[in-house]
Amino acid sequence: MPLITQAPKGTKDKLPAEIYKWHTVEKITKAVAETYGCKEIRTPTFEHTELFERGMGGTTDVVQKEMYTFIDKGERSITLKPEGTAGAARAALEHGLLGLALPLKLFYFTSCFRYEAPQSGRLREHKQFGVEFYGAKKPLADAEVISLAADVFARLGLRGVRLEINSIGCPDCRGEYKRELIGFYADKDLCNLCKDRLERNPLRLLDCKNPHCREISHSAPVITRHVCESCGGHFSAVKSALSALGIAYTENPRLVRGLDYYTNTVFEFKSDSLGAQDTICAGGRYDGLIEELGGNPVSGLGFGMGLERLILVMQSQDAAFEPAKTCDIYIAPLDTPAELLGAKLVKNLRESGFWAEIDLAGRGLNAQMKYADKLGARFSMVLGSNEVEGGKAVIKNMQSGEKFEVDLGGDFVGKFGGVLLDI
RNA sequence: GAGGAUAUAGCGCACCUGGUAGCGCGUCAGAUUGUGGCUCUGAAGGUAGUGGGUUCGAGCCCCACUAUCCUCCCCA
């Protein structure tokens with residue numbers, strides 16, 4: 001297929017026929033976020049490459065292999081956002097938002113770009129709904145962020161979503177743990193991938209799928225025993241808060257995150273309605289991020305929710321999306337004077353917020369009625385010389401077939417609105 | 001980045017052992033020139049993903065490329 005009629009690999013068009021699904025999840029996520037006091041933030045699609053290197057960590061897979069990075073005409077290294085947190089954090093710092101009353105609670109919708117091998121639920125451009133809390137150090141904040149995501153799933157009617165949580169400690173206790181882990185694995189016979197992981201990201205050794213590595217990892221030290229008193233206390237308090245809020249979770253000591261900025265609490269929501277790419281929401285606490293980006297230390301936490309995956313889950317569960325709007329009234333003119341009268345009525349109806357349509361395709365009456373039916377028009381009205389001369393027309397209820405006469409003069413639009421409300 | 005499967009009309013599919021493409025849905029029109037949904041009739045729509053090879057002849061066999069799907073990896 002020619003390039004000009006083929007979307008780039010790993011991208012997906014959201015077509016008019018299915019856009020109502022997006023409107024549903026956007027509306028619900030926004031509404032839930034606002035009940036938690038979150039304000040929307042919109043940041044640029046691209047940032048300086050260094051922001052992501054510093055924020056996410058230079059050794060992570062995303063930064064090393066997956067970023068869409070280019071040099072612009074001013075010789076700057078620019079990167080298309082691979083995730084949402086770094087941009088939000090940067091904007092908060094740049095505009096002094098962290099100097100306002102804390103906690104600062106934000107939400108955003110953003111495209112994320114990662115150069116990956118696409119498969120179902122994994123794209124090179126995907127959309128995320130994300131939430132950021134800054135200056136909320138209490139364990140209750142962790143629970144609130146998790147609760148926000150759980151509320152979204154509940155509001156959307158999702159089933160089979162499970163929550164896994166873990167604590168990966170602060171840099172101090174995690175560093176100690178990493179050293180022990182490296183020591184433990186050093187003399188073991190590992191798969192090639194794990195040999196690589198041992199150097200780049202030892203925590204990843206824990207969730208290798210290779211049966212042999214998995215066997216070894218069963219006896220590997222677990223981070224839970226290594227977290228310091230402060231981190232351990234925080235994690236216990238998070239769990240108590242989750243229980244108090246009635247949020248079910250499983251503790252997974254092998255749950256780690258791909259991005260370096262996480263500290264302490266990490267969590268993932270997984271769906272049993274997806275294939276291998278089953279994580280629909282992931283996040284945690286990143287208390288070191290703001291400092292890493294040059295700000296005064298402020299705690300941070302949040303999550304990203306993959307909207308394509310969310311919609312895949314909803315589709316597989318026949319979830320109730322809010323239906324697309326249908327046309328309120330279709331006006332079928334039979335000749336030019338009727339068309340001009342009809343156009344004026346349509347304009348008046350639209351000014352009052354109605355979806356009104358009139359023939360633009362040059363169809364005959366029969367074809368116009370069929371078209372009105374396809375639009376799902378709730379009412380139709382035929383205009384010909386009788387109506388133009390008499391000033392009255394017949395409106396037909398397309399569902400019941402019932403017809404009634406209306407006066408085209410006076411407050412026609414107001415009366416029509418009254419009729420609509422009556423049904 | 002690695003392995004596997006697939007690629008025919010807008011969508012879903014068929015073409016049996018190689019003889020230059022059909023069906024259903026959808027679209028448009030007519031039957032029905034002042035009223036839709038049902039039915040019937042007709043039409044439009046395809047260089048068979050792209051390029052090359054074998055052959056008298058390729059949608060079908062072979063190779064490469066591209067894309068999609070699945071698994072690994074990684075992640076949302």
# chains A, B, ... in the order shown; residues from 1 in each chain; ligands from 1
>>> interface_residues(of="chain A", to="chain B", cutoff="9 Å", atoms="only C-alpha atoms (C1' of nucleotides)", output="JSON list (two decimals) with C-alpha atoms, in the first residue's frame")
[["chain", "number", "residue", "atom", "x", "y", "z"],
["A", 1, "MET", "CA", 0.00, 0.00, 0.00],
["A", 2, "PRO", "CA", 1.31, 3.48, -0.79],
["A", 6, "GLN", "CA", -1.11, 4.07, 5.31],
["A", 9, "LYS", "CA", 3.41, 1.60, 12.06],
["A", 61, "ASP", "CA", 14.75, 0.74, 28.41],
["A", 62, "VAL", "CA", 12.47, 3.58, 27.45],
["A", 116, "GLU", "CA", 8.30, -0.43, 20.27],
["A", 117, "ALA", "CA", 7.30, -3.57, 18.41],
["A", 119, "GLN", "CA", 1.03, -5.73, 19.09],
["A", 120, "SER", "CA", -2.46, -5.70, 20.49],
["A", 121, "GLY", "CA", -2.54, -3.16, 23.32],
["A", 122, "ARG", "CA", 0.91, -1.87, 22.54],
["A", 126, "HIS", "CA", -0.80, 5.70, 22.79],
["A", 127, "LYS", "CA", -2.97, 7.91, 24.94],
["A", 128, "GLN", "CA", -2.68, 8.14, 28.69],
["A", 193, "LEU", "CA", 18.67, -11.46, 29.14],
["A", 209, "LYS", "CA", 9.70, -15.56, 32.59],
["A", 258, "GLY", "CA", 10.65, 0.38, 34.49],
["A", 276, "ALA", "CA", 0.10, -10.31, 27.24],
["A", 277, "GLN", "CA", -0.15, -6.53, 27.55],
["A", 278, "ASP", "CA", -2.52, -6.58, 30.49],
["A", 279, "THR", "CA", -1.46, -3.58, 32.57],
["A", 280, "ILE", "CA", -4.03, -0.82, 32.19],
["A", 281, "CYS", "CA", -2.73, 1.50, 34.88],
["A", 282, "ALA", "CA", 0.59, 1.77, 36.64],
["A", 304, "GLY", "CA", -0.57, 6.66, 34.01],
["A", 305, "MET", "CA", -3.58, 4.87, 32.57],
["A", 306, "GLY", "CA", -3.42, 3.48, 29.04],
["A", 307, "LEU", "CA", -6.64, 4.53, 27.32],
["A", 308, "GLU", "CA", -6.42, 2.25, 24.27],
["A", 309, "ARG", "CA", -6.06, -0.72, 26.61],
["A", 334, "LEU", "CA", -38.64, 19.53, -2.25],
["A", 364, "GLY", "CA", -35.04, 12.82, -3.84],
["A", 365, "LEU", "CA", -37.64, 12.68, -1.07],
["A", 366, "ASN", "CA", -37.52, 8.92, -0.66],
["A", 367, "ALA", "CA", -33.74, 8.90, -0.43],
["A", 368, "GLN", "CA", -33.86, 11.80, 2.00],
["A", 369, "MET", "CA", -36.13, 9.86, 4.31],
["A", 370, "LYS", "CA", -33.81, 6.88, 4.17],
["A", 371, "TYR", "CA", -30.92, 9.14, 5.00],
["A", 372, "ALA", "CA", -32.83, 10.67, 7.93],
["A", 373, "ASP", "CA", -33.37, 7.14, 9.18],
["A", 374, "LYS", "CA", -29.66, 6.31, 8.94],
["A", 380, "SER", "CA", -38.37, 14.77, 10.20],
["A", 381, "MET", "CA", -40.20, 17.49, 8.33],
["A", 382, "VAL", "CA", -40.99, 17.80, 4.64],
["A", 383, "LEU", "CA", -41.08, 21.25, 3.11],
["A", 384, "GLY", "CA", -42.67, 21.98, -0.29],
["A", 396, "LYS", "CA", -43.05, 13.28, 11.98],
["A", 398, "MET", "CA", -39.49, 8.86, 13.34]]
>>> select_by_dssp(residues="region 22-191 of chain A", states="strand (DSSP E or B)", output="number ranges by chain")
A: 39-40, 46-48, 69-71, 77-80, 104-113, 119, 122, 125-134, 161-167
>>> atom_distance(atom1="CA of Gly37 (chain A)", atom2="CA of Leu310 (chain A)")
22.8 Å
>>> closest_residue(among="A:Ala92, A:Val313, A:Ile4, A:Val413", to="Glu351 (chain A)", atoms="only C-alpha atoms")
A:Val413
>>> atom_distance(atom1="CA of Ala141 (chain A)", atom2="CA of Ala33 (chain A)")
13.8 Å
>>> residues_around(residues="Ile247 (chain A)", least_positions_apart="2", cutoff="9 Å", atoms="only C-alpha atoms (C1' of nucleotides)", output="list in words")
Ala143, Ile146, Ser147, Ala150, Leu163, Ala241, Leu242, Ser243, Ala244, Leu245 and Tyr249 of chain A
>>> residues_around(residues="His226 (chain A)", least_positions_apart="3", cutoff="12 Å", atoms="only C-alpha atoms (C1' of nucleotides)", output="number ranges by chain")
A: 167-181, 221-223, 229-232, 253, 264
